[in-house]
$ cat data.pdb   # PDB, C-alpha atoms
ATOM      1  CA  MET A  89     118.501  28.445  92.541
ATOM      2  CA  ILE A  90     116.247  26.773  89.938
ATOM      3  CA  ILE A  91     113.316  26.894  92.371
ATOM      4  CA  ILE A  92     113.789  30.616  92.889
ATOM      5  CA  VAL A  93     113.876  31.255  89.109
ATOM      6  CA  LEU A  94     110.720  29.186  88.558
ATOM      7  CA  ALA A  95     108.932  31.048  91.369
ATOM      8  CA  GLY A  96     109.877  34.387  89.838
ATOM      9  CA  LEU A  97     108.620  33.325  86.403
ATOM     10  CA  THR A  98     105.334  32.128  87.946
ATOM     11  CA  VAL A  99     104.767  35.435  89.739
ATOM     12  CA  THR A 100     105.539  37.337  86.545
ATOM     13  CA  ALA A 101     103.101  35.263  84.530
ATOM     14  CA  VAL A 102     100.300  35.711  87.067
ATOM     15  CA  SER A 103     100.877  39.451  87.217
ATOM     16  CA  PHE A 104     100.821  39.688  83.425
ATOM     17  CA  SER A 105      97.561  37.724  83.187
ATOM     18  CA  VAL A 106      95.883  39.893  85.848
ATOM     19  CA  GLY A 107      97.165  43.067  84.238
ATOM     20  CA  SER A 108      95.937  41.997  80.788
ATOM     21  CA  ALA A 109      92.480  41.182  82.169
ATOM     22  CA  ALA A 110      92.062  44.504  83.982
ATOM     23  CA  PRO A 111      91.224  47.655  82.016
ATOM     24  CA  LEU A 112      94.111  49.940  81.260
ATOM     25  CA  VAL A 113      94.327  53.051  83.434
ATOM     26  CA  PRO A 114      95.634  56.093  81.563
ATOM     27  CA  PHE A 115      98.614  57.759  83.206
ATOM     28  CA  PRO A 116      98.986  61.509  82.877
ATOM     29  CA  SER A 117     102.126  62.727  81.156
ATOM     30  CA  VAL A 118     104.077  65.605  82.649
ATOM     31  CA  ASN A 119     106.351  67.639  80.429
ATOM     32  CA  ILE A 120     108.862  70.157  81.748
ATOM     33  CA  GLY A 121     110.595  72.325  79.220
ATOM     34  CA  VAL A 122     111.911  75.780  78.428
ATOM     35  CA  ASN A 123     110.112  77.576  75.660
ATOM     36  CA  SER A 124     110.532  81.041  74.237
ATOM     37  CA  ALA A 125     108.188  83.719  75.570
ATOM     38  CA  ASP A 126     105.651  85.069  73.113
ATOM     39  CA  ASN A 127     104.743  88.233  75.026
ATOM     40  CA  PRO A 128     106.115  90.402  77.864
ATOM     41  CA  GLN A 129     103.548  88.981  80.308
ATOM     42  CA  ASP A 130     105.151  85.546  80.028
ATOM     43  CA  VAL A 131     108.562  87.040  80.786
ATOM     44  CA  ALA A 132     107.210  88.876  83.838
ATOM     45  CA  LEU A 133     105.516  85.706  85.110
ATOM     46  CA  SER A 134     108.737  83.712  84.712
ATOM     47  CA  LEU A 135     110.719  86.341  86.591
ATOM     48  CA  GLN A 136     108.134  86.352  89.397
ATOM     49  CA  LEU A 137     108.338  82.572  89.662
ATOM     50  CA  LEU A 138     112.139  82.716  89.790
ATOM     51  CA  PHE A 139     111.950  85.404  92.470
ATOM     52  CA  MET A 140     109.540  83.357  94.600
ATOM     53  CA  LEU A 141     111.769  80.278  94.351
ATOM     54  CA  THR A 142     114.728  82.389  95.449
ATOM     55  CA  ILE A 143     112.768  83.716  98.437
ATOM     56  CA  LEU A 144     111.801  80.181  99.454
ATOM     57  CA  SER A 145     115.422  79.032  99.257
ATOM     58  CA  ILE A 146     116.620  81.777 101.609
ATOM     59  CA  ALA A 147     113.584  81.610 103.911
ATOM     60  CA  PRO A 148     115.516  79.748 106.657
ATOM     61  CA  SER A 149     118.178  82.468 106.666
ATOM     62  CA  ILE A 150     115.489  85.147 106.886
ATOM     63  CA  LEU A 151     113.876  83.339 109.807
ATOM     64  CA  ILE A 152     117.184  82.974 111.629
ATOM     65  CA  MET A 153     118.768  86.358 110.976
ATOM     66  CA  MET A 154     115.836  88.785 110.943
ATOM     67  CA  THR A 155     113.893  87.487 113.946
ATOM     68  CA  SER A 156     114.505  86.716 117.611
ATOM     69  CA  PHE A 157     115.759  83.211 116.795
ATOM     70  CA  THR A 158     119.454  84.147 116.943
ATOM     71  CA  ARG A 159     119.352  85.471 120.507
ATOM     72  CA  ILE A 160     117.186  82.614 121.770
ATOM     73  CA  ILE A 161     119.236  79.753 120.337
ATOM     74  CA  VAL A 162     122.556  81.283 121.459
ATOM     75  CA  VAL A 163     121.274  81.755 125.023
ATOM     76  CA  LEU A 164     119.919  78.202 125.158
ATOM     77  CA  SER A 165     123.266  76.884 123.904
ATOM     78  CA  PHE A 166     125.069  78.877 126.608
ATOM     79  CA  LEU A 167     122.714  77.420 129.198
ATOM     80  CA  ARG A 168     123.464  73.862 128.136
ATOM     81  CA  SER A 169     127.199  74.564 128.182
ATOM     82  CA  ALA A 170     126.955  76.123 131.649
ATOM     83  CA  LEU A 171     125.111  73.081 132.955
ATOM     84  CA  ALA A 172     127.778  70.846 131.352
ATOM     85  CA  THR A 173     125.140  68.293 130.412
ATOM     86  CA  GLN A 174     126.855  67.507 127.080
ATOM     87  CA  GLN A 175     124.033  66.875 124.573
ATOM     88  CA  MET A 176     121.132  67.162 126.991
ATOM     89  CA  PRO A 177     118.722  68.631 125.982
ATOM     90  CA  PRO A 178     119.392  67.409 122.421
ATOM     91  CA  ASN A 179     119.934  69.852 119.582
ATOM     92  CA  GLN A 180     116.517  69.039 118.119
ATOM     93  CA  VAL A 181     114.804  70.021 121.372
ATOM     94  CA  LEU A 182     116.737  73.295 121.659
ATOM     95  CA  VAL A 183     116.050  74.254 118.044
ATOM     96  CA  GLY A 184     112.369  73.339 118.390
ATOM     97  CA  LEU A 185     112.022  75.383 121.585
ATOM     98  CA  ALA A 186     113.838  78.306 119.964
ATOM     99  CA  LEU A 187     111.520  78.160 116.937
ATOM    100  CA  PHE A 188     108.329  78.195 119.005
ATOM    101  CA  LEU A 189     109.651  81.001 121.216
ATOM    102  CA  THR A 190     110.493  82.879 118.023
ATOM    103  CA  PHE A 191     106.943  82.448 116.733
ATOM    104  CA  PHE A 192     105.630  83.653 120.099
ATOM    105  CA  THR A 193     107.774  86.790 120.237
ATOM    106  CA  MET A 194     107.246  87.610 116.561
ATOM    107  CA  SER A 195     103.470  86.973 116.515
ATOM    108  CA  PRO A 196     102.494  90.700 116.788
ATOM    109  CA  TYR A 197     104.687  91.552 113.811
ATOM    110  CA  ILE A 198     103.469  88.530 111.842
ATOM    111  CA  ASP A 199      99.886  89.666 112.458
ATOM    112  CA  GLN A 200     100.753  93.110 111.094
ATOM    113  CA  MET A 201     102.317  91.561 107.990
ATOM    114  CA  ASN A 202      99.255  89.393 107.447
ATOM    115  CA  ARG A 203      96.796  92.272 108.005
ATOM    116  CA  ASN A 204      98.602  94.988 106.047
ATOM    117  CA  SER A 205     100.391  93.015 103.343
ATOM    118  CA  LEU A 206      99.231  89.447 102.672
ATOM    119  CA  GLN A 207      95.456  89.794 102.943
ATOM    120  CA  PRO A 208      95.207  93.003 100.840
ATOM    121  CA  TYR A 209      97.474  91.416  98.220
ATOM    122  CA  LEU A 210      95.373  88.239  98.059
ATOM    123  CA  ALA A 211      92.254  90.388  97.766
ATOM    124  CA  GLY A 212      93.800  92.266  94.825
ATOM    125  CA  GLN A 213      93.769  95.602  96.622
ATOM    126  CA  ILE A 214      97.520  96.255  96.372
ATOM    127  CA  THR A 215     100.273  95.237  93.998
ATOM    128  CA  GLN A 216     103.101  92.834  94.757
ATOM    129  CA  THR A 217     105.606  95.684  95.169
ATOM    130  CA  VAL A 218     103.409  97.473  97.691
ATOM    131  CA  ALA A 219     102.790  94.185  99.513
ATOM    132  CA  MET A 220     106.530  93.622  99.918
ATOM    133  CA  GLU A 221     107.032  97.156 101.201
ATOM    134  CA  GLU A 222     104.221  96.744 103.738
ATOM    135  CA  ALA A 223     105.599  93.355 104.834
ATOM    136  CA  ALA A 224     109.038  94.851 105.436
ATOM    137  CA  LYS A 225     107.747  97.615 107.748
ATOM    138  CA  PRO A 226     106.961  95.393 110.799
ATOM    139  CA  MET A 227     110.266  93.539 110.433
ATOM    140  CA  ARG A 228     112.205  96.809 110.226
ATOM    141  CA  GLU A 229     110.330  98.101 113.272
ATOM    142  CA  PHE A 230     111.325  95.004 115.248
ATOM    143  CA  MET A 231     114.958  95.176 114.157
ATOM    144  CA  PHE A 232     115.216  98.899 114.948
ATOM    145  CA  LYS A 233     113.964  98.234 118.501
ATOM    146  CA  GLN A 234     116.656  95.611 119.114
ATOM    147  CA  THR A 235     119.583  97.270 117.304
ATOM    148  CA  ARG A 236     122.086  99.409 119.181
ATOM    149  CA  GLU A 237     122.877 102.843 117.790
ATOM    150  CA  ASN A 238     126.626 102.243 117.671
ATOM    151  CA  ASP A 239     126.150  99.012 115.711
ATOM    152  CA  LEU A 240     123.880 100.762 113.252
ATOM    153  CA  ALA A 241     126.327 103.684 112.978
ATOM    154  CA  LEU A 242     129.132 101.218 112.246
ATOM    155  CA  PHE A 243     127.474  99.834 109.134
ATOM    156  CA  VAL A 244     126.218 103.236 108.042
ATOM    157  CA  ASN A 245     129.805 104.486 108.089
ATOM    158  CA  LEU A 246     131.112 101.340 106.392
ATOM    159  CA  SER A 247     128.584 101.706 103.590
ATOM    160  CA  GLU A 248     130.105 105.114 102.725
ATOM    161  CA  GLY A 249     126.702 106.385 101.695
ATOM    162  CA  GLU A 250     124.745 109.455 102.656
ATOM    163  CA  ARG A 251     124.005 109.792 106.346
ATOM    164  CA  PRO A 252     120.316 108.913 106.868
ATOM    165  CA  SER A 253     118.213 111.623 108.445
ATOM    166  CA  SER A 254     115.532 109.240 109.765
ATOM    167  CA  PRO A 255     115.105 105.496 110.373
ATOM    168  CA  GLU A 256     113.102 105.239 107.136
ATOM    169  CA  ASP A 257     116.212 106.302 105.197
ATOM    170  CA  VAL A 258     118.318 103.410 106.555
ATOM    171  CA  PRO A 259     118.585 100.670 103.917
ATOM    172  CA  THR A 260     117.494  97.203 104.955
ATOM    173  CA  THR A 261     120.848  95.820 103.790
ATOM    174  CA  THR A 262     122.492  98.065 106.385
ATOM    175  CA  LEU A 263     119.979  97.365 109.134
ATOM    176  CA  ILE A 264     120.177  93.558 108.996
ATOM    177  CA  PRO A 265     123.918  93.109 109.813
ATOM    178  CA  ALA A 266     123.673  95.766 112.544
ATOM    179  CA  PHE A 267     120.727  93.877 114.030
ATOM    180  CA  ILE A 268     122.618  90.567 113.914
ATOM    181  CA  ILE A 269     125.687  91.766 115.811
ATOM    182  CA  SER A 270     123.444  93.519 118.340
ATOM    183  CA  GLU A 271     121.592  90.253 118.908
ATOM    184  CA  LEU A 272     124.855  88.361 119.344
ATOM    185  CA  LYS A 273     126.113  90.893 121.896
ATOM    186  CA  THR A 274     122.887  90.712 123.888
ATOM    187  CA  ALA A 275     122.923  86.911 123.778
ATOM    188  CA  PHE A 276     126.508  86.782 125.023
ATOM    189  CA  GLN A 277     125.657  89.149 127.872
ATOM    190  CA  ILE A 278     122.783  86.905 128.972
ATOM    191  CA  GLY A 279     124.999  83.845 128.588
ATOM    192  CA  PHE A 280     127.639  85.392 130.860
ATOM    193  CA  LEU A 281     125.029  85.958 133.577
ATOM    194  CA  LEU A 282     123.887  82.352 133.206
ATOM    195  CA  TYR A 283     127.413  81.060 133.722
ATOM    196  CA  ILE A 284     128.045  82.838 137.068
ATOM    197  CA  PRO A 285     126.070  80.584 139.485
ATOM    198  CA  PHE A 286     127.322  77.412 137.839
ATOM    199  CA  ILE A 287     130.941  78.609 137.966
ATOM    200  CA  VAL A 288     130.518  79.208 141.709
ATOM    201  CA  ILE A 289     129.346  75.611 142.137
ATOM    202  CA  ASP A 290     132.342  74.323 140.148
ATOM    203  CA  MET A 291     134.753  76.350 142.296
ATOM    204  CA  VAL A 292     133.195  75.172 145.561
ATOM    205  CA  VAL A 293     133.245  71.532 144.494
ATOM    206  CA  ALA A 294     136.832  71.752 143.225
ATOM    207  CA  SER A 295     138.017  73.424 146.458
ATOM    208  CA  THR A 296     136.213  70.820 148.580
ATOM    209  CA  LEU A 297     137.712  67.905 146.684
ATOM    210  CA  MET A 298     141.179  69.408 146.902
ATOM    211  CA  ALA A 299     140.795  69.969 150.649
ATOM    212  CA  MET A 300     139.738  66.330 151.074
ATOM    213  CA  GLY A 301     142.702  65.142 149.056
ATOM    214  CA  MET A 302     140.499  63.648 146.342
ATOM    215  CA  MET A 303     142.471  65.142 143.461
ATOM    216  CA  MET A 304     141.855  62.196 141.149
ATOM    217  CA  VAL A 305     138.077  62.668 141.210
ATOM    218  CA  PRO A 306     136.849  64.884 138.306
ATOM    219  CA  PRO A 307     135.120  67.948 139.791
ATOM    220  CA  ALA A 308     132.656  68.037 136.883
ATOM    221  CA  MET A 309     131.286  64.621 137.836
ATOM    222  CA  ILE A 310     130.499  65.829 141.365
ATOM    223  CA  SER A 311     129.262  69.319 140.455
ATOM    224  CA  LEU A 312     126.856  68.181 137.730
ATOM    225  CA  PRO A 313     124.151  66.847 140.118
ATOM    226  CA  PHE A 314     124.383  70.033 142.199
ATOM    227  CA  LYS A 315     123.983  72.177 139.074
ATOM    228  CA  ILE A 316     120.906  70.239 137.993
ATOM    229  CA  MET A 317     119.462  70.418 141.529
ATOM    230  CA  LEU A 318     120.022  74.193 141.662
ATOM    231  CA  PHE A 319     118.462  74.640 138.233
ATOM    232  CA  ILE A 320     115.400  72.636 139.282
ATOM    233  CA  LEU A 321     114.989  74.372 142.651
ATOM    234  CA  VAL A 322     114.960  77.869 141.121
ATOM    235  CA  ASP A 323     112.684  76.717 138.256
ATOM    236  CA  GLY A 324     115.409  77.496 135.752
ATOM    237  CA  TRP A 325     113.479  77.002 132.528
ATOM    238  CA  HIS A 326     110.777  79.376 133.715
ATOM    239  CA  LEU A 327     113.329  82.042 134.614
ATOM    240  CA  VAL A 328     115.331  81.690 131.404
ATOM    241  CA  VAL A 329     112.312  81.765 129.103
ATOM    242  CA  ARG A 330     110.740  84.675 130.981
ATOM    243  CA  SER A 331     113.992  86.639 130.797
ATOM    244  CA  LEU A 332     114.326  85.919 127.075
ATOM    245  CA  ILE A 333     110.780  87.048 126.306
ATOM    246  CA  ALA A 334     111.164  90.130 128.519
ATOM    247  CA  SER A 335     114.394  91.095 126.742
ATOM    248  CA  PHE A 336     112.403  91.750 123.553
ATOM    249  CA  LYS A 337     109.856  94.049 125.213
TER     250      LYS A 337
END
$ encode --input "data.pdb" --output "structure tokens"
Amino acid sequence: MIIIVLAGLTVTAVSFSVGSAAPLVPFPSVNIGVNSADNPQDVALSLQLLFMLTILSIAPSILIMMTSFTRIIVVLSFLRSALATQQMPPNQVLVGLALFLTFFTMSPYIDQMNRNSLQPYLAGQITQTVAMEEAAKPMREFMFKQTRENDLALFVNLSEGERPSSPEDVPTTTLIPAFIISELKTAFQIGFLLYIPFIVIDMVVASTLMAMGMMMVPPAMISLPFKIMLFILVDGWHLVVRSLIASFK
């Protein structure tokens, strides 16, 4: 114990001597505070900063709920459940694949937002309000293409507002929930179709084991290799991804 204390004191002394010999490096000081605004421009700038921080905090929700991510991740989750491979592929792989497929399917609309909203705003050609309106147009166009009329009519009726005469009159707050439930319905329909061939394999394996008197053997343990073999033989990932991309056309 005494040796450890002496070693610590020695290291401290050496560090102090080296630090005293070297020139002092000035450290910048950072002050964060809340001061009263002296003019309306300061108030507007503070509100804009607060608005941007709010947008950044809800950006993941915007990405998930206003793009193709919802349908893709639900279908991929159905596929893993149908294969009965437990956690294979892992959640990180499924989410990563869903994100990149989302970027791929949304790239035309992102290009429109960049061309019509972001670049003119950065060049000072349009105001922030106009930039937000132009950025919302491609997203609304995408959501209108994927939203069923009965789902949209449901939320229009629930809002108890005036009946819109054109798609431009539909509020975005009404369009988004209608788009979400339409995406969930489409994803569940695709998931049902994915389940059918794998259910047939489970039924055949269970009937075969019962006919052989092997009732103690879990059918899932025997059917899993056949499911994986079928999925590989038909090039399952190619078919699933192609069907997902084609469903947004």
$ resolve_selection --input "data.pdb" --expression "the PyMOL selection byres ((chain A and resi 316-327) around 10)" --output "list in words"
Leu164, Leu167, Leu171, Ala172, Thr173, Pro285, Phe286, Ile289, Ser311, Leu312, Pro313, Phe314, Lys315, Val328, Val329, Arg330, Ser331 and Leu332 of chain A
$ closest_residue --input "data.pdb" --among "A:Asp239, A:Met298, A:Val293, A:Asn179" --to "Ile310 (chain A)" --atoms "all atoms listed in the file"
A:Val293
$ resolve_selection --input "data.pdb" --expression "the PyMOL selection byres ((chain A and resi 221) around 12)" --output "count of residues only"
21
$ closest_residue --input "data.pdb" --among "A:Gln234, A:Gln213, A:Gln180, A:Asn202" --to "Leu263 (chain A)" --atoms "only C-alpha atoms"
A:Gln234
$ atom_distance --input "data.pdb" --atom1 "CA of Ile143 (chain A)" --atom2 "CA of Thr261 (chain A)"
15.5 Å
$ atom_distance --input "data.pdb" --atom1 "CA of Leu240 (chain A)" --atom2 "CA of Met154 (chain A)"
14.6 Å
$ atom_distance --input "data.pdb" --atom1 "CA of Glu248 (chain A)" --atom2 "CA of Phe232 (chain A)"
20.2 Å
$ closest_residue --input "data.pdb" --among "A:Phe280, A:Arg236, A:Arg203, A:Leu138" --to "Ser165 (chain A)" --atoms "all atoms listed in the file"
A:Phe280
$ closest_residue --input "data.pdb" --among "A:Ile146, A:Leu282, A:Met153, A:Met309" --to "Phe267 (chain A)" --atoms "all atoms listed in the file"
A:Met153
$ closest_residue --input "data.pdb" --among "A:Ser295, A:Thr193, A:Thr262, A:Ser253" --to "Ser335 (chain A)" --atoms "only C-alpha atoms"
A:Thr193
$ resolve_selection --input "data.pdb" --expression "the PyMOL selection byres ((chain A and resi 185) around 12)" --output "PDB file with C-alpha atoms, in the frame of the given file"
ATOM      1  CA  PHE A 157     115.759  83.211 116.795  1.00  0.00           C
ATOM      2  CA  ILE A 160     117.186  82.614 121.770  1.00  0.00           C
ATOM      3  CA  ILE A 161     119.236  79.753 120.337  1.00  0.00           C
ATOM      4  CA  VAL A 163     121.274  81.755 125.023  1.00  0.00           C
ATOM      5  CA  LEU A 164     119.919  78.202 125.158  1.00  0.00           C
ATOM      6  CA  SER A 165     123.266  76.884 123.904  1.00  0.00           C
ATOM      7  CA  PRO A 177     118.722  68.631 125.982  1.00  0.00           C
ATOM      8  CA  PRO A 178     119.392  67.409 122.421  1.00  0.00           C
ATOM      9  CA  ASN A 179     119.934  69.852 119.582  1.00  0.00           C
ATOM     10  CA  GLN A 180     116.517  69.039 118.119  1.00  0.00           C
ATOM     11  CA  VAL A 181     114.804  70.021 121.372  1.00  0.00           C
ATOM     12  CA  LEU A 182     116.737  73.295 121.659  1.00  0.00           C
ATOM     13  CA  VAL A 183     116.050  74.254 118.044  1.00  0.00           C
ATOM     14  CA  GLY A 184     112.369  73.339 118.390  1.00  0.00           C
ATOM     15  CA  ALA A 186     113.838  78.306 119.964  1.00  0.00           C
ATOM     16  CA  LEU A 187     111.520  78.160 116.937  1.00  0.00           C
ATOM     17  CA  PHE A 188     108.329  78.195 119.005  1.00  0.00           C
ATOM     18  CA  LEU A 189     109.651  81.001 121.216  1.00  0.00           C
ATOM     19  CA  THR A 190     110.493  82.879 118.023  1.00  0.00           C
ATOM     20  CA  PHE A 191     106.943  82.448 116.733  1.00  0.00           C
ATOM     21  CA  PHE A 192     105.630  83.653 120.099  1.00  0.00           C
ATOM     22  CA  TRP A 325     113.479  77.002 132.528  1.00  0.00           C
ATOM     23  CA  VAL A 329     112.312  81.765 129.103  1.00  0.00           C
TER      24      VAL A 329
END
$ closest_residue --input "data.pdb" --among "A:Tyr197, A:Ser169, A:Met304, A:Arg159" --to "Glu271 (chain A)" --atoms "only C-alpha atoms"
A:Arg159
$ axis_aligned_box --input "data.pdb" --around "region 256-262 of chain A" --padding-each-side "3 Å" --output "AutoDock Vina command-line options"
--center_x 117.8 --center_y 101.1 --center_z 105.5 --size_x 15.4 --size_y 16.5 --size_z 9.3
$ build_atoms --input "data.pdb" --residues "region 144-165 of chain A" --atoms "N, CA and C atoms" --output "PDB file, keeping the file's coordinate frame"
ATOM      1  N   LEU A 144     111.998  81.418  98.695  1.00  0.00           N
ATOM      2  CA  LEU A 144     111.801  80.181  99.454  1.00  0.00           C
ATOM      3  C   LEU A 144     113.119  79.534  99.827  1.00  0.00           C
ATOM      4  N   SER A 145     114.129  79.654  98.964  1.00  0.00           N
ATOM      5  CA  SER A 145     115.422  79.032  99.257  1.00  0.00           C
ATOM      6  C   SER A 145     116.165  79.734 100.391  1.00  0.00           C
ATOM      7  N   ILE A 146     115.939  81.040 100.537  1.00  0.00           N
ATOM      8  CA  ILE A 146     116.620  81.777 101.609  1.00  0.00           C
ATOM      9  C   ILE A 146     115.698  82.033 102.792  1.00  0.00           C
ATOM     10  N   ALA A 147     114.515  81.414 102.795  1.00  0.00           N
ATOM     11  CA  ALA A 147     113.584  81.610 103.911  1.00  0.00           C
ATOM     12  C   ALA A 147     114.179  81.196 105.252  1.00  0.00           C
ATOM     13  N   PRO A 148     114.905  80.069 105.351  1.00  0.00           N
ATOM     14  CA  PRO A 148     115.516  79.748 106.657  1.00  0.00           C
ATOM     15  C   PRO A 148     116.478  80.822 107.152  1.00  0.00           C
ATOM     16  N   SER A 149     117.266  81.397 106.249  1.00  0.00           N
ATOM     17  CA  SER A 149     118.178  82.468 106.666  1.00  0.00           C
ATOM     18  C   SER A 149     117.419  83.698 107.136  1.00  0.00           C
ATOM     19  N   ILE A 150     116.301  84.009 106.463  1.00  0.00           N
ATOM     20  CA  ILE A 150     115.489  85.147 106.886  1.00  0.00           C
ATOM     21  C   ILE A 150     114.919  84.897 108.273  1.00  0.00           C
ATOM     22  N   LEU A 151     114.432  83.681 108.502  1.00  0.00           N
ATOM     23  CA  LEU A 151     113.876  83.339 109.807  1.00  0.00           C
ATOM     24  C   LEU A 151     114.916  83.440 110.896  1.00  0.00           C
ATOM     25  N   ILE A 152     116.143  83.008 110.607  1.00  0.00           N
ATOM     26  CA  ILE A 152     117.184  82.974 111.629  1.00  0.00           C
ATOM     27  C   ILE A 152     117.752  84.366 111.888  1.00  0.00           C
ATOM     28  N   MET A 153     118.012  85.121 110.845  1.00  0.00           N
ATOM     29  CA  MET A 153     118.768  86.358 110.976  1.00  0.00           C
ATOM     30  C   MET A 153     117.923  87.607 111.163  1.00  0.00           C
ATOM     31  N   MET A 154     116.658  87.584 110.844  1.00  0.00           N
ATOM     32  CA  MET A 154     115.836  88.785 110.943  1.00  0.00           C
ATOM     33  C   MET A 154     114.787  88.699 112.035  1.00  0.00           C
ATOM     34  N   THR A 155     114.855  87.656 112.859  1.00  0.00           N
ATOM     35  CA  THR A 155     113.893  87.487 113.946  1.00  0.00           C
ATOM     36  C   THR A 155     114.651  87.305 115.253  1.00  0.00           C
ATOM     37  N   SER A 156     113.911  86.926 116.286  1.00  0.00           N
ATOM     38  CA  SER A 156     114.505  86.716 117.611  1.00  0.00           C
ATOM     39  C   SER A 156     115.177  85.360 117.752  1.00  0.00           C
ATOM     40  N   PHE A 157     115.227  84.564 116.697  1.00  0.00           N
ATOM     41  CA  PHE A 157     115.759  83.211 116.795  1.00  0.00           C
ATOM     42  C   PHE A 157     117.226  83.201 117.200  1.00  0.00           C
ATOM     43  N   THR A 158     118.015  84.138 116.671  1.00  0.00           N
ATOM     44  CA  THR A 158     119.454  84.147 116.943  1.00  0.00           C
ATOM     45  C   THR A 158     119.727  84.280 118.430  1.00  0.00           C
ATOM     46  N   ARG A 159     119.121  85.266 119.072  1.00  0.00           N
ATOM     47  CA  ARG A 159     119.352  85.471 120.507  1.00  0.00           C
ATOM     48  C   ARG A 159     118.900  84.261 121.314  1.00  0.00           C
ATOM     49  N   ILE A 160     117.746  83.715 120.977  1.00  0.00           N
ATOM     50  CA  ILE A 160     117.186  82.614 121.770  1.00  0.00           C
ATOM     51  C   ILE A 160     118.054  81.378 121.679  1.00  0.00           C
ATOM     52  N   ILE A 161     118.468  80.991 120.478  1.00  0.00           N
ATOM     53  CA  ILE A 161     119.236  79.753 120.337  1.00  0.00           C
ATOM     54  C   ILE A 161     120.627  79.894 120.940  1.00  0.00           C
ATOM     55  N   VAL A 162     121.233  81.088 120.857  1.00  0.00           N
ATOM     56  CA  VAL A 162     122.556  81.283 121.459  1.00  0.00           C
ATOM     57  C   VAL A 162     122.469  81.203 122.979  1.00  0.00           C
ATOM     58  N   VAL A 163     121.439  81.809 123.567  1.00  0.00           N
ATOM     59  CA  VAL A 163     121.274  81.755 125.023  1.00  0.00           C
ATOM     60  C   VAL A 163     121.017  80.327 125.482  1.00  0.00           C
ATOM     61  N   LEU A 164     120.186  79.591 124.779  1.00  0.00           N
ATOM     62  CA  LEU A 164     119.919  78.202 125.158  1.00  0.00           C
ATOM     63  C   LEU A 164     121.180  77.341 125.026  1.00  0.00           C
ATOM     64  N   SER A 165     122.002  77.623 124.041  1.00  0.00           N
ATOM     65  CA  SER A 165     123.266  76.884 123.904  1.00  0.00           C
ATOM     66  C   SER A 165     124.217  77.221 125.049  1.00  0.00           C
TER      67      SER A 165
END
